[in-house]
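Q: Just model_12.txt, nothing more (compact mmCIF, C-alpha atoms and all ligand atoms):
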```
# COMPACT_ATOMS: atom_id res chain seq x y z
CA MET A 15 119.91 93.21 -103.33
CA ALA A 16 119.60 89.52 -104.05
CA LYS A 17 117.01 87.51 -105.89
CA VAL A 18 116.34 83.85 -105.25
CA LEU A 19 114.44 81.41 -107.45
CA ILE A 20 113.03 78.41 -105.58
CA ILE A 21 112.08 75.38 -107.69
CA GLY A 22 109.49 72.93 -106.31
CA ALA A 23 106.33 73.81 -104.38
CA GLY A 24 105.92 70.98 -101.85
CA GLY A 25 106.23 70.75 -98.07
CA VAL A 26 109.87 71.84 -97.91
CA SER A 27 109.39 74.66 -100.42
CA ASN A 28 106.58 76.15 -98.33
CA VAL A 29 109.09 76.53 -95.46
CA VAL A 30 111.94 77.87 -97.63
CA VAL A 31 109.73 80.53 -99.22
CA ARG A 32 108.29 81.68 -95.88
CA LYS A 33 111.69 81.75 -94.17
CA CYS A 34 113.16 83.78 -97.09
CA ALA A 35 110.22 86.18 -96.76
CA GLN A 36 111.15 86.66 -93.08
CA HIS A 37 114.53 88.07 -94.25
CA PRO A 38 113.82 90.81 -96.78
CA GLU A 39 117.21 92.36 -95.92
CA VAL A 40 118.83 89.43 -97.81
CA PHE A 41 116.11 88.07 -100.10
CA THR A 42 114.96 91.28 -101.72
CA GLN A 43 113.05 89.36 -104.41
CA ILE A 44 111.64 85.85 -104.30
CA ALA A 45 110.44 83.80 -107.27
CA LEU A 46 108.87 80.34 -107.09
CA ALA A 47 108.40 77.89 -109.96
CA SER A 48 107.20 74.31 -110.00
CA ARG A 49 105.38 71.70 -112.07
CA THR A 50 101.97 72.76 -110.74
CA LYS A 51 101.66 76.54 -110.81
CA SER A 52 98.58 76.57 -108.56
CA LYS A 53 100.73 75.19 -105.71
CA CYS A 54 103.20 78.08 -106.21
CA ASP A 55 100.31 80.55 -106.19
CA ALA A 56 98.92 79.07 -102.96
CA ILE A 57 102.30 79.49 -101.21
CA ALA A 58 102.66 83.02 -102.66
CA GLU A 59 99.22 83.96 -101.37
CA ALA A 60 99.97 82.64 -97.87
CA VAL A 61 103.29 84.51 -97.81
CA LYS A 62 101.62 87.76 -98.92
CA LYS A 63 99.10 87.36 -96.12
CA ALA A 64 101.63 86.47 -93.43
CA TYR A 65 104.51 88.82 -94.31
CA GLY A 66 103.22 91.26 -96.93
CA VAL A 67 105.94 89.98 -99.30
CA THR A 68 105.25 89.41 -103.01
CA VAL A 69 106.44 86.11 -104.51
CA GLU A 70 106.49 85.87 -108.32
CA THR A 71 105.42 82.48 -109.67
CA ASP A 72 105.57 80.39 -112.83
CA ARG A 73 105.19 76.85 -114.06
CA VAL A 74 108.34 74.90 -114.92
CA ASP A 75 109.16 71.36 -115.97
CA ALA A 76 112.49 70.90 -114.22
CA ASP A 77 113.07 67.60 -116.03
CA ASP A 78 113.53 69.75 -119.11
CA VAL A 79 116.74 71.81 -119.21
CA ALA A 80 115.43 74.27 -121.83
CA ASP A 81 112.27 75.02 -119.85
CA THR A 82 114.31 75.47 -116.67
CA VAL A 83 116.72 77.82 -118.47
CA ARG A 84 113.68 79.78 -119.70
CA VAL A 85 112.32 80.26 -116.19
CA ILE A 86 115.77 81.11 -114.76
CA LYS A 87 116.30 83.74 -117.48
CA LYS A 88 112.81 85.14 -116.93
CA PHE A 89 113.43 85.78 -113.21
CA ALA A 90 117.23 86.39 -113.47
CA PRO A 91 117.99 85.19 -109.90
CA ASP A 92 121.37 85.26 -108.14
CA LEU A 93 120.72 81.76 -106.81
CA VAL A 94 118.49 78.78 -107.62
CA VAL A 95 117.31 76.74 -104.62
CA ASN A 96 116.25 73.29 -105.77
CA VAL A 97 113.60 71.79 -103.49
CA ALA A 98 111.90 69.77 -106.23
CA LEU A 99 112.84 66.08 -106.22
CA PRO A 100 116.28 64.45 -106.39
CA TYR A 101 115.40 63.31 -109.95
CA GLN A 102 115.68 66.94 -111.10
CA ASP A 103 119.13 67.72 -109.61
CA LEU A 104 121.15 67.23 -112.79
CA THR A 105 118.77 69.02 -115.16
CA ILE A 106 118.59 71.99 -112.79
CA MET A 107 122.40 72.02 -112.44
CA ASP A 108 122.69 71.96 -116.26
CA ALA A 109 120.22 74.83 -116.49
CA CYS A 110 122.15 76.82 -113.87
CA LEU A 111 125.34 76.40 -115.90
CA GLU A 112 123.60 77.49 -119.09
CA ALA A 113 121.93 80.51 -117.46
CA HIS A 114 125.04 81.25 -115.33
CA VAL A 115 123.62 81.18 -111.83
CA ASN A 116 124.61 79.56 -108.49
CA TYR A 117 122.83 76.44 -107.21
CA LEU A 118 121.81 74.85 -103.88
CA ASP A 119 119.87 71.65 -103.12
CA THR A 120 118.89 69.41 -100.19
CA ALA A 121 119.12 65.85 -101.57
CA ASN A 122 121.53 64.06 -103.88
CA TYR A 123 120.61 63.00 -107.40
CA GLU A 124 118.99 59.65 -107.91
CA PRO A 125 117.81 58.16 -111.19
CA LYS A 126 114.09 57.42 -111.43
CA ASP A 127 114.55 53.80 -112.49
CA VAL A 128 117.02 52.64 -109.77
CA ALA A 129 116.83 53.42 -106.06
CA HIS A 130 120.48 54.33 -105.87
CA PHE A 131 121.95 57.29 -104.03
CA GLU A 132 125.43 58.58 -104.63
CA TYR A 133 127.16 61.88 -105.18
CA SER A 134 129.25 60.77 -108.17
CA TRP A 135 126.76 62.20 -110.67
CA GLN A 136 126.81 65.63 -109.03
CA TRP A 137 130.52 65.59 -108.15
CA ALA A 138 131.11 65.10 -111.89
CA TYR A 139 129.98 68.74 -112.32
CA GLN A 140 132.97 70.02 -110.28
CA GLU A 141 135.01 71.17 -113.27
CA LYS A 142 132.05 72.70 -115.09
CA PHE A 143 131.03 74.85 -112.11
CA GLU A 144 134.65 75.72 -111.35
CA LYS A 145 135.32 76.83 -114.93
CA ALA A 146 132.11 78.87 -114.98
CA GLY A 147 133.08 80.56 -111.70
CA LEU A 148 129.82 79.32 -110.16
CA MET A 149 129.08 77.69 -106.81
CA ALA A 150 126.90 74.60 -106.33
CA VAL A 151 126.15 73.65 -102.71
CA LEU A 152 124.83 70.11 -102.27
CA GLY A 153 122.69 68.63 -99.51
CA CYS A 154 121.81 71.71 -97.44
CA GLY A 155 118.78 70.35 -95.53
CA PHE A 156 119.01 68.78 -92.07
CA ASP A 157 120.34 65.34 -92.92
CA PRO A 158 122.17 65.80 -95.21
CA GLY A 159 122.95 69.37 -94.28
CA VAL A 160 123.01 70.36 -90.63
CA THR A 161 124.39 66.94 -89.61
CA ASN A 162 127.34 67.53 -92.00
CA LEU A 163 127.85 70.98 -90.48
CA PHE A 164 127.76 69.49 -86.96
CA CYS A 165 130.62 67.25 -88.17
CA ALA A 166 132.50 70.24 -89.61
CA TYR A 167 132.00 72.07 -86.29
CA ALA A 168 133.24 69.07 -84.28
CA GLN A 169 136.28 68.82 -86.53
CA LYS A 170 137.00 72.55 -86.27
CA HIS A 171 136.41 73.10 -82.55
CA LEU A 172 136.11 69.88 -80.54
CA PHE A 173 138.56 67.26 -81.87
CA ASP A 174 141.91 66.90 -83.66
CA THR A 175 140.78 63.56 -85.08
CA ILE A 176 137.32 62.02 -85.11
CA ARG A 177 137.33 58.21 -85.00
CA THR A 178 133.59 57.52 -85.16
CA VAL A 179 130.42 59.40 -86.06
CA ASP A 180 126.91 58.12 -85.32
CA ILE A 181 124.15 60.22 -86.87
CA LEU A 182 120.88 59.68 -85.01
CA ASP A 183 117.59 60.85 -86.51
CA CYS A 184 114.50 60.58 -84.31
CA ASN A 185 110.98 61.64 -85.14
CA ALA A 186 109.02 61.18 -81.92
CA GLY A 187 106.01 62.96 -83.38
CA SER A 188 102.48 61.78 -83.99
CA HIS A 189 100.45 62.91 -87.04
CA GLY A 190 97.33 60.88 -86.33
CA HIS A 191 97.29 58.98 -89.67
CA ALA A 192 97.56 55.18 -89.83
CA PHE A 193 100.51 55.53 -92.23
CA ALA A 194 102.19 58.55 -93.78
CA THR A 195 105.69 59.66 -94.74
CA ASN A 196 107.14 62.97 -93.58
CA PHE A 197 108.58 63.96 -96.93
CA ASN A 198 107.86 62.92 -100.50
CA PRO A 199 106.57 59.32 -100.09
CA GLU A 200 108.24 58.03 -103.23
CA ILE A 201 111.69 59.32 -102.24
CA ASN A 202 111.21 58.32 -98.59
CA ILE A 203 110.12 54.74 -99.29
CA ARG A 204 112.88 54.21 -101.86
CA GLU A 205 115.37 55.35 -99.21
CA VAL A 206 114.17 53.16 -96.35
CA THR A 207 113.60 49.92 -98.28
CA GLN A 208 117.14 49.63 -99.69
CA VAL A 209 119.95 47.46 -98.41
CA VAL A 210 121.69 49.14 -95.46
CA ARG A 211 125.33 50.26 -95.57
CA HIS A 212 127.67 51.89 -93.13
CA TRP A 213 131.36 52.70 -93.44
CA GLU A 214 134.00 50.96 -91.35
CA ASP A 215 137.78 50.53 -91.67
CA GLY A 216 137.96 51.97 -95.14
CA GLN A 217 135.03 50.17 -96.72
CA TRP A 218 131.25 50.05 -97.00
CA VAL A 219 129.72 47.23 -94.98
CA GLU A 220 126.27 45.93 -96.02
CA SER A 221 123.56 44.72 -93.64
CA PRO A 222 119.88 43.76 -94.04
CA ALA A 223 117.25 46.37 -94.93
CA ILE A 224 115.08 47.71 -92.09
CA LEU A 225 112.14 45.46 -93.04
CA ASP A 226 114.27 42.33 -92.77
CA ASP A 227 113.87 40.26 -89.56
CA SER A 228 117.62 40.50 -89.01
CA SER A 229 117.85 44.29 -89.44
CA ILE A 230 120.14 46.02 -86.92
CA HIS A 231 118.41 48.24 -84.37
CA PHE A 232 118.69 49.28 -80.73
CA ASP A 233 117.10 51.62 -78.19
CA PHE A 234 118.87 54.98 -78.13
CA ASP A 235 118.14 57.32 -75.24
CA TYR A 236 117.36 60.61 -77.02
CA PRO A 237 117.37 63.91 -75.12
CA VAL A 238 113.87 65.19 -74.26
CA VAL A 239 111.94 62.29 -75.90
CA GLY A 240 113.65 59.29 -74.27
CA ARG A 241 114.35 55.78 -75.56
CA LYS A 242 113.37 54.97 -79.16
CA ASP A 243 114.06 52.00 -81.39
CA SER A 244 116.65 53.21 -83.93
CA TYR A 245 117.48 51.31 -87.13
CA LEU A 246 120.75 51.25 -89.01
CA LEU A 247 120.09 52.83 -92.42
CA TYR A 248 122.12 54.05 -95.40
CA HIS A 249 122.01 57.81 -95.72
CA GLU A 250 123.70 59.93 -98.34
CA GLU A 251 125.69 62.32 -96.12
CA MET A 252 127.97 59.46 -95.05
CA GLU A 253 129.47 59.34 -98.54
CA SER A 254 130.82 62.88 -98.44
CA LEU A 255 131.69 62.84 -94.72
CA VAL A 256 133.95 59.83 -95.26
CA LYS A 257 135.97 62.02 -97.63
CA HIS A 258 136.04 65.17 -95.54
CA ILE A 259 136.37 64.16 -91.86
CA ARG A 260 139.97 63.50 -90.79
CA GLY A 261 140.84 60.11 -89.29
CA LEU A 262 137.33 58.70 -89.61
CA GLU A 263 137.23 54.93 -89.01
CA LYS A 264 133.49 54.39 -88.77
CA ILE A 265 130.32 56.26 -89.66
CA ARG A 266 126.77 55.00 -89.16
CA PHE A 267 123.30 56.46 -89.59
CA TRP A 268 120.37 55.50 -87.38
CA MET A 269 116.70 56.42 -87.79
CA THR A 270 113.73 55.74 -85.53
CA PHE A 271 110.77 53.78 -86.94
CA SER A 272 107.70 52.75 -85.01
CA GLN A 273 106.53 49.14 -85.19
CA ASN A 274 103.35 50.45 -86.83
CA TYR A 275 105.37 52.10 -89.64
CA ILE A 276 107.45 48.94 -90.14
CA ASN A 277 104.31 46.74 -90.27
CA HIS A 278 102.58 48.93 -92.85
CA LEU A 279 105.68 49.21 -95.01
CA ARG A 280 106.29 45.45 -94.82
CA VAL A 281 102.78 44.72 -96.12
CA LEU A 282 103.09 47.35 -98.86
CA GLN A 283 106.42 45.89 -99.92
CA ASN A 284 105.14 42.29 -99.79
CA VAL A 285 102.20 43.08 -102.08
CA GLY A 286 104.39 44.97 -104.55
CA MET A 287 103.14 48.50 -103.84
CA THR A 288 106.67 49.87 -103.34
CA ARG A 289 107.90 48.66 -106.77
CA ILE A 290 109.54 51.37 -108.88
CA ASP A 291 109.25 49.55 -112.22
CA PRO A 292 106.17 50.04 -114.45
CA VAL A 293 103.45 47.35 -114.38
CA GLU A 294 100.58 46.81 -116.81
CA PHE A 295 97.24 47.92 -115.35
CA GLN A 296 94.03 47.98 -117.40
CA GLY A 297 95.83 48.69 -120.63
CA GLN A 298 98.25 51.24 -119.32
CA LYS A 299 101.58 51.26 -117.50
CA ILE A 300 101.67 52.47 -113.90
CA VAL A 301 104.52 52.58 -111.39
CA PRO A 302 103.12 51.15 -108.11
CA ILE A 303 105.10 53.48 -105.81
CA GLN A 304 103.79 56.51 -107.75
CA PHE A 305 100.23 55.23 -107.37
CA LEU A 306 100.88 54.68 -103.65
CA LYS A 307 102.12 58.30 -103.37
CA ALA A 308 98.77 59.45 -104.77
CA LEU A 309 96.94 57.53 -102.00
CA LEU A 310 99.06 58.61 -99.04
CA PRO A 311 98.61 61.92 -97.18
CA ASP A 312 100.55 64.80 -98.71
CA PRO A 313 103.48 65.36 -96.26
CA GLY A 314 102.93 69.10 -96.61
CA SER A 315 99.45 68.67 -95.13
CA LEU A 316 100.50 66.68 -92.04
CA GLY A 317 101.37 69.70 -89.91
CA HIS A 318 97.87 70.60 -88.74
CA ASN A 319 97.52 68.04 -85.93
CA TYR A 320 101.13 66.96 -85.59
CA SER A 321 102.38 66.80 -81.99
CA GLY A 322 105.72 65.76 -80.51
CA LYS A 323 109.30 66.50 -81.42
CA THR A 324 112.17 65.56 -83.69
CA VAL A 325 115.67 65.08 -82.24
CA ILE A 326 118.44 64.88 -84.84
CA GLY A 327 122.16 65.01 -84.20
CA CYS A 328 125.57 63.33 -84.16
CA VAL A 329 127.61 61.52 -81.52
CA PHE A 330 131.38 61.78 -82.05
CA GLU A 331 134.28 59.90 -80.55
CA GLY A 332 137.74 61.33 -81.05
CA ARG A 333 140.83 62.82 -79.49
CA LYS A 334 142.33 66.23 -78.85
CA ASN A 335 145.94 67.19 -78.08
CA GLY A 336 147.02 63.53 -77.92
CA GLY A 337 144.73 62.89 -74.92
CA GLU A 338 142.36 60.00 -74.18
CA PRO A 339 139.39 59.43 -76.51
CA PHE A 340 136.20 61.24 -75.50
CA ARG A 341 132.65 61.57 -76.84
CA LYS A 342 130.47 64.59 -77.66
CA TYR A 343 126.87 64.87 -78.87
CA ILE A 344 125.53 67.77 -80.95
CA TYR A 345 121.78 67.84 -81.61
CA ASN A 346 118.68 69.88 -82.30
CA VAL A 347 115.20 69.38 -80.87
CA CYS A 348 112.31 70.67 -82.96
CA ASP A 349 108.62 70.73 -82.04
CA HIS A 350 106.04 69.88 -84.73
CA ALA A 351 103.29 72.08 -83.31
CA GLU A 352 105.61 75.09 -82.92
CA CYS A 353 106.63 74.74 -86.58
CA TYR A 354 102.99 74.65 -87.60
CA LYS A 355 102.27 77.80 -85.61
CA GLU A 356 105.11 79.63 -87.33
CA VAL A 357 104.95 78.43 -90.96
CA GLU A 358 102.08 75.91 -91.21
CA ALA A 359 104.46 72.98 -91.66
CA GLN A 360 105.52 69.90 -89.70
CA ALA A 361 109.03 69.59 -88.25
CA ILE A 362 110.51 67.47 -91.06
CA SER A 363 109.68 70.11 -93.67
CA TYR A 364 110.81 72.80 -91.20
CA THR A 365 114.15 71.19 -90.33
CA THR A 366 114.85 70.82 -94.08
CA GLY A 367 113.57 74.21 -95.24
CA VAL A 368 115.26 76.37 -92.60
CA PRO A 369 118.82 75.11 -93.38
CA ALA A 370 118.12 75.56 -97.11
CA MET A 371 117.19 79.21 -96.43
CA VAL A 372 120.25 79.70 -94.19
CA GLY A 373 122.54 78.12 -96.83
CA ALA A 374 121.03 80.44 -99.45
CA MET A 375 121.64 83.37 -97.11
CA MET A 376 125.30 82.30 -96.66
CA MET A 377 125.78 82.23 -100.44
CA LEU A 378 123.93 85.44 -101.24
CA THR A 379 125.77 87.44 -98.57
CA GLY A 380 129.15 86.08 -99.76
CA VAL A 381 129.88 84.32 -96.45
CA TRP A 382 130.11 81.03 -98.33
CA LYS A 383 131.85 81.55 -101.62
CA GLY A 384 133.87 79.55 -104.10
CA ALA A 385 133.77 78.04 -107.57
CA GLY A 386 132.87 74.39 -107.97
CA VAL A 387 130.65 71.80 -106.30
CA PHE A 388 130.68 71.71 -102.48
CA ASN A 389 129.23 69.48 -99.81
CA VAL A 390 128.34 71.67 -96.88
CA GLU A 391 131.00 70.29 -94.50
CA GLN A 392 133.62 71.83 -96.82
CA LEU A 393 132.29 75.29 -95.90
CA ASP A 394 132.63 77.32 -92.66
CA PRO A 395 130.11 75.89 -90.15
CA ASP A 396 130.29 78.81 -87.67
CA PRO A 397 128.29 81.55 -89.43
CA PHE A 398 125.81 78.96 -90.70
CA LEU A 399 125.18 77.40 -87.28
CA GLU A 400 124.87 80.82 -85.68
CA LYS A 401 122.17 81.85 -88.18
CA LEU A 402 120.51 78.44 -87.92
CA ALA A 403 120.03 78.88 -84.18
CA ALA A 404 118.67 82.39 -84.73
CA SER A 405 116.26 81.09 -87.40
CA GLY A 406 114.36 78.58 -85.27
CA LEU A 407 116.74 75.60 -85.01
CA PRO A 408 118.89 75.99 -81.87
CA TRP A 409 121.46 73.26 -81.21
CA THR A 410 123.22 71.89 -78.15
CA VAL A 411 126.73 70.48 -77.61
CA THR A 412 127.12 68.12 -74.68
CA ASP A 413 129.35 65.32 -73.33
CA PHE A 414 127.98 61.91 -74.30
CA GLU A 415 127.92 59.09 -71.78
CA GLY A 416 125.08 57.01 -73.23
CA TYR A 417 125.08 53.64 -74.99
CA LEU A 418 125.87 52.97 -78.64
CA PRO A 419 126.43 49.48 -80.08
CA GLU A 420 130.07 48.67 -80.96
P1 LIG B 1 107.17 67.24 -102.25
O1 LIG B 1 106.84 66.05 -103.04
O2 LIG B 1 106.22 67.75 -101.22
O3 LIG B 1 107.51 68.47 -103.22
C1 LIG B 1 108.26 68.31 -104.39
C2 LIG B 1 107.87 69.42 -105.34
O4 LIG B 1 108.66 69.30 -106.53
C3 LIG B 1 106.39 69.34 -105.76
O5 LIG B 1 105.84 70.63 -105.72
C4 LIG B 1 106.49 68.82 -107.20
O6 LIG B 1 105.49 69.28 -108.07
C5 LIG B 1 107.80 69.45 -107.64
N1 LIG B 1 108.30 68.73 -108.81
C6 LIG B 1 108.39 67.40 -109.00
N2 LIG B 1 108.83 67.14 -110.24
C7 LIG B 1 109.01 68.34 -110.85
C8 LIG B 1 109.41 68.73 -112.13
N3 LIG B 1 109.77 67.84 -113.07
N4 LIG B 1 109.46 70.05 -112.42
C9 LIG B 1 109.12 70.98 -111.49
N5 LIG B 1 108.72 70.67 -110.26
C10 LIG B 1 108.65 69.36 -109.94
O7 LIG B 1 108.60 66.95 -101.58
P2 LIG B 1 109.21 67.58 -100.24
O8 LIG B 1 108.92 69.03 -100.20
O9 LIG B 1 108.83 66.70 -99.12
O10 LIG B 1 110.77 67.38 -100.51
C11 LIG B 1 111.49 68.27 -101.36
C12 LIG B 1 112.95 67.85 -101.43
O11 LIG B 1 113.53 67.91 -100.13
C13 LIG B 1 113.17 66.40 -101.91
O12 LIG B 1 114.26 66.40 -102.80
C14 LIG B 1 113.53 65.65 -100.66
O13 LIG B 1 114.35 64.54 -100.92
C15 LIG B 1 114.30 66.74 -99.91
N6 LIG B 1 114.39 66.48 -98.45
C16 LIG B 1 115.60 66.66 -97.85
C17 LIG B 1 115.74 66.44 -96.49
C18 LIG B 1 117.04 66.74 -95.81
O14 LIG B 1 117.07 66.80 -94.58
N7 LIG B 1 118.13 66.95 -96.50
C19 LIG B 1 114.63 65.97 -95.66
C20 LIG B 1 113.35 65.94 -96.37
C21 LIG B 1 113.27 66.17 -97.74
P3 LIG B 1 103.94 68.82 -107.92
O15 LIG B 1 103.46 69.74 -106.84
O16 LIG B 1 103.35 69.06 -109.23
O17 LIG B 1 103.97 67.38 -107.49
```
Let me see the structure of the file written as structure tokens.
Ligand code: NDP

A:
Amino acid sequence: MAKVLIIGAGGVSNVVVRKCAQHPEVFTQIALASRTKSKCDAIAEAVKKAYGVTVETDRVDADDVADTVRVIKKFAPDLVVNVALPYQDLTIMDACLEAHVNYLDTANYEPKDVAHFEYSWQWAYQEKFEKAGLMAVLGCGFDPGVTNLFCAYAQKHLFDTIRTVDILDCNAGSHGHAFATNFNPEINIREVTQVVRHWEDGQWVESPAILDDSSIHFDFDYPVVGRKDSYLLYHEEMESLVKHIRGLEKIRFWMTFSQNYINHLRVLQNVGMTRIDPVEFQGQKIVPIQFLKALLPDPGSLGHNYSGKTVIGCVFEGRKNGGEPFRKYIYNVCDHAECYKEVEAQAISYTTGVPAMVGAMMMLTGVWKGAGVFNVEQLDPDPFLEKLAASGLPWTVTDFEGYLPE
């Protein structure tokens, strides 16, 4: 008997709720609350139709701790799954502490007024969760999330020491729109327009943002989908992996972008549409990136005609038993159209929502337990990865003989 409360009713939430409904043996009761109650009701209705499972719903302002405590107390869940926005992470964690309930999310906290991503704000809750005897699991989507667990698996089973990790995230899909983002546009654009960083020889090394003419990119030969231009990008999971992977000398994150995406984003940036500070418009203040979000397709609605696949994984170089260095690649391939058939979502929402459900399952069944704040690579990867494969995201381990820049 376990009850889960999911906060947020966007593209990722739709997948989490449906995947929880597929496992009534674990999720005996499901509640869903978000800023717009009608979106919760629409998901609940679809879930009732597809699985015959009832989802209770309510409205919540997760920026407000008291309102979040109210909704948590109303539903009395064993776990809160936060798939609202990164802006709400700290208020929801505060509410979980006050209402005494465990917590899981898929993206690290970022303040609304600065596009800055780091775990320090959430790691600062370590003592509070530990003292309360509660567990907070951070970053349990695909990346962060599954990529961290691929690293934990490599560390546990494949290598004694891992010298380098390259995380490679490819979306080789086509949604048919001139320009759209695959998850919340505001969060996505803030992420991809920042200065790039990777970690090497004990320090963070900066390089130009992806829109800069001198950005770093190369063609990586992905399994199934072939060669794609992949850009060096800063991504949050590197911060925790640097702490938790033994012997790590270098970690980089690469993401594919089409020239069309880059061109659109460059124009939007050049005309100021990606600004996150308020500007005066006809007597009122508007934040350009929020206005842009209102114009762009809702990522949750992209699934209908989406074709193609995502390929996300990690290449490792390391050693075992004092032998020569060798390389391994662990990855997942996910098909947009298959995801739509199963849960009416595209593969980015699917690859985020399924790991969130599996992480919730690990916590609610006591497979992952502990008091404090955890990044997922600190937890046992084996039961998680086994359930992940059984839940629609199979993964492959192979020798790697391809090219990566030095
Ligand atoms: P959406 O924008 O589609 O959904 C976000 C939801 O949160 C919306 O329903 C929104 O409400 C709700 N929300 C926003 N503010 C509040 C608030 N103050 N109180 C209550 N609810 C609120 O985003 P996605 O589903 O695409 O993404 C969800 C999360 O998943 C994000 O944090 C994103 O960063 C993360 N993510 C993680 C990935 C990973 O691999 N780790 C990959 C992709 C996404 P409303 O409907 O009213 O707008």

Q: Any chance you could tabulate, as a Markdown table, the residues of chain A at most 8 Å from ligand LIG 1 (chain B) with each one's nearest atom pair and distance in Å to one decimal, using all atoms listed in the file, in chain and rising number order?

A:
```
| residue | atom | partner | partner_atom | distance |
| --- | --- | --- | --- | --- |
| A:Ile21 | CA | B:LIG1 | N5 | 6.3 |
| A:Gly22 | CA | B:LIG1 | O4 | 3.7 |
| A:Ala23 | CA | B:LIG1 | O5 | 3.5 |
| A:Gly24 | CA | B:LIG1 | O3 | 3.3 |
| A:Gly25 | CA | B:LIG1 | O8 | 3.8 |
| A:Val26 | CA | B:LIG1 | O8 | 3.7 |
| A:Ser27 | CA | B:LIG1 | O8 | 5.7 |
| A:Asn28 | CA | B:LIG1 | O8 | 7.7 |
| A:Ala47 | CA | B:LIG1 | C9 | 7.1 |
| A:Ser48 | CA | B:LIG1 | N5 | 4.0 |
| A:Arg49 | CA | B:LIG1 | C9 | 3.9 |
| A:Thr50 | CA | B:LIG1 | O16 | 4.2 |
| A:Lys51 | CA | B:LIG1 | O16 | 7.8 |
| A:Lys53 | CA | B:LIG1 | O15 | 6.2 |
| A:Cys54 | CA | B:LIG1 | O5 | 7.9 |
| A:Arg73 | CA | B:LIG1 | C9 | 7.5 |
| A:Val74 | CA | B:LIG1 | C9 | 5.3 |
| A:Asp75 | CA | B:LIG1 | N4 | 3.8 |
| A:Ala76 | CA | B:LIG1 | N4 | 3.6 |
| A:Asp77 | CA | B:LIG1 | N3 | 4.4 |
| A:Asp78 | CA | B:LIG1 | N3 | 7.4 |
| A:Asn96 | CA | B:LIG1 | C12 | 7.7 |
| A:Val97 | CA | B:LIG1 | C12 | 4.5 |
| A:Ala98 | CA | B:LIG1 | O4 | 3.3 |
| A:Leu99 | CA | B:LIG1 | O12 | 3.7 |
| A:Pro100 | CA | B:LIG1 | O12 | 4.6 |
| A:Tyr101 | CA | B:LIG1 | N2 | 7.6 |
| A:Gln102 | CA | B:LIG1 | N3 | 6.3 |
| A:Asp119 | CA | B:LIG1 | O12 | 7.7 |
| A:Thr120 | CA | B:LIG1 | N7 | 4.5 |
| A:Ala121 | CA | B:LIG1 | O13 | 5.0 |
| A:Asn122 | CA | B:LIG1 | O12 | 7.7 |
| A:Gly153 | CA | B:LIG1 | N7 | 5.7 |
| A:Cys154 | CA | B:LIG1 | N7 | 6.1 |
| A:Gly155 | CA | B:LIG1 | N7 | 3.6 |
| A:Phe156 | CA | B:LIG1 | O14 | 3.7 |
| A:Asp157 | CA | B:LIG1 | O14 | 3.9 |
| A:Pro158 | CA | B:LIG1 | N7 | 4.4 |
| A:Gly159 | CA | B:LIG1 | N7 | 5.8 |
| A:Val160 | CA | B:LIG1 | O14 | 8.0 |
| A:Asn196 | CA | B:LIG1 | O9 | 6.9 |
| A:Phe197 | CA | B:LIG1 | O9 | 3.5 |
| A:Asn198 | CA | B:LIG1 | O9 | 4.1 |
| A:Pro199 | CA | B:LIG1 | O1 | 7.4 |
| A:Ile201 | CA | B:LIG1 | O13 | 6.0 |
| A:Asn202 | CA | B:LIG1 | O13 | 7.3 |
| A:Asp312 | CA | B:LIG1 | O2 | 6.9 |
| A:Pro313 | CA | B:LIG1 | O2 | 6.1 |
| A:Gly314 | CA | B:LIG1 | O2 | 5.8 |
| A:Ile362 | CA | B:LIG1 | C20 | 6.2 |
| A:Ser363 | CA | B:LIG1 | C20 | 6.2 |
| A:Thr365 | CA | B:LIG1 | O14 | 6.8 |
| A:Thr366 | CA | B:LIG1 | O14 | 4.6 |
| A:Gly367 | CA | B:LIG1 | O11 | 8.0 |
```

Q: Please indicate the distance in Å from CA of His191 in chain A to CA of Leu309 in chain A, rounded to one decimal place.

A: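 If I compute the distance from CA of His191 in chain A to CA of Leu309 in chain A, I get 12.4 Å.
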
Q: Would you mind listing what lies within 7 Å of Phe267 in chain A as number ranges by chain, with only C-alpha atoms counted and same-chain residues fewer than 4 positions away left out?

A: A: 180-182, 246-249

Q: So that I can see what lies close to Ile176 in chain A, please list as number ranges by chain the residues with an atom at most 8 Å from it, counting all atoms listed in the file and leaving out residues fewer than 2 positions away in the same chain.

A: A: 169, 173-174, 178-179, 259-262, 330-333

Q: Could you save the residues just selected, with C-alpha atoms, as a PDB file, in the frame of the given file?

A:
```pdb
ATOM      1  CA  GLN A 169     136.280  68.820 -86.530  1.00  0.00           C
ATOM      2  CA  PHE A 173     138.560  67.260 -81.870  1.00  0.00           C
ATOM      3  CA  ASP A 174     141.910  66.900 -83.660  1.00  0.00           C
ATOM      4  CA  THR A 178     133.590  57.520 -85.160  1.00  0.00           C
ATOM      5  CA  VAL A 179     130.420  59.400 -86.060  1.00  0.00           C
ATOM      6  CA  ILE A 259     136.370  64.160 -91.860  1.00  0.00           C
ATOM      7  CA  ARG A 260     139.970  63.500 -90.790  1.00  0.00           C
ATOM      8  CA  GLY A 261     140.840  60.110 -89.290  1.00  0.00           C
ATOM      9  CA  LEU A 262     137.330  58.700 -89.610  1.00  0.00           C
ATOM     10  CA  PHE A 330     131.380  61.780 -82.050  1.00  0.00           C
ATOM     11  CA  GLU A 331     134.280  59.900 -80.550  1.00  0.00           C
ATOM     12  CA  GLY A 332     137.740  61.330 -81.050  1.00  0.00           C
ATOM     13  CA  ARG A 333     140.830  62.820 -79.490  1.00  0.00           C
TER      14      ARG A 333
END
```

Q: Given the choices A:Arg280, A:His231, A:Lys264, A:Lys383, which gets closest to Thr207 in chain A if the distance is worked out from only C-alpha atoms?

A: A:Arg280
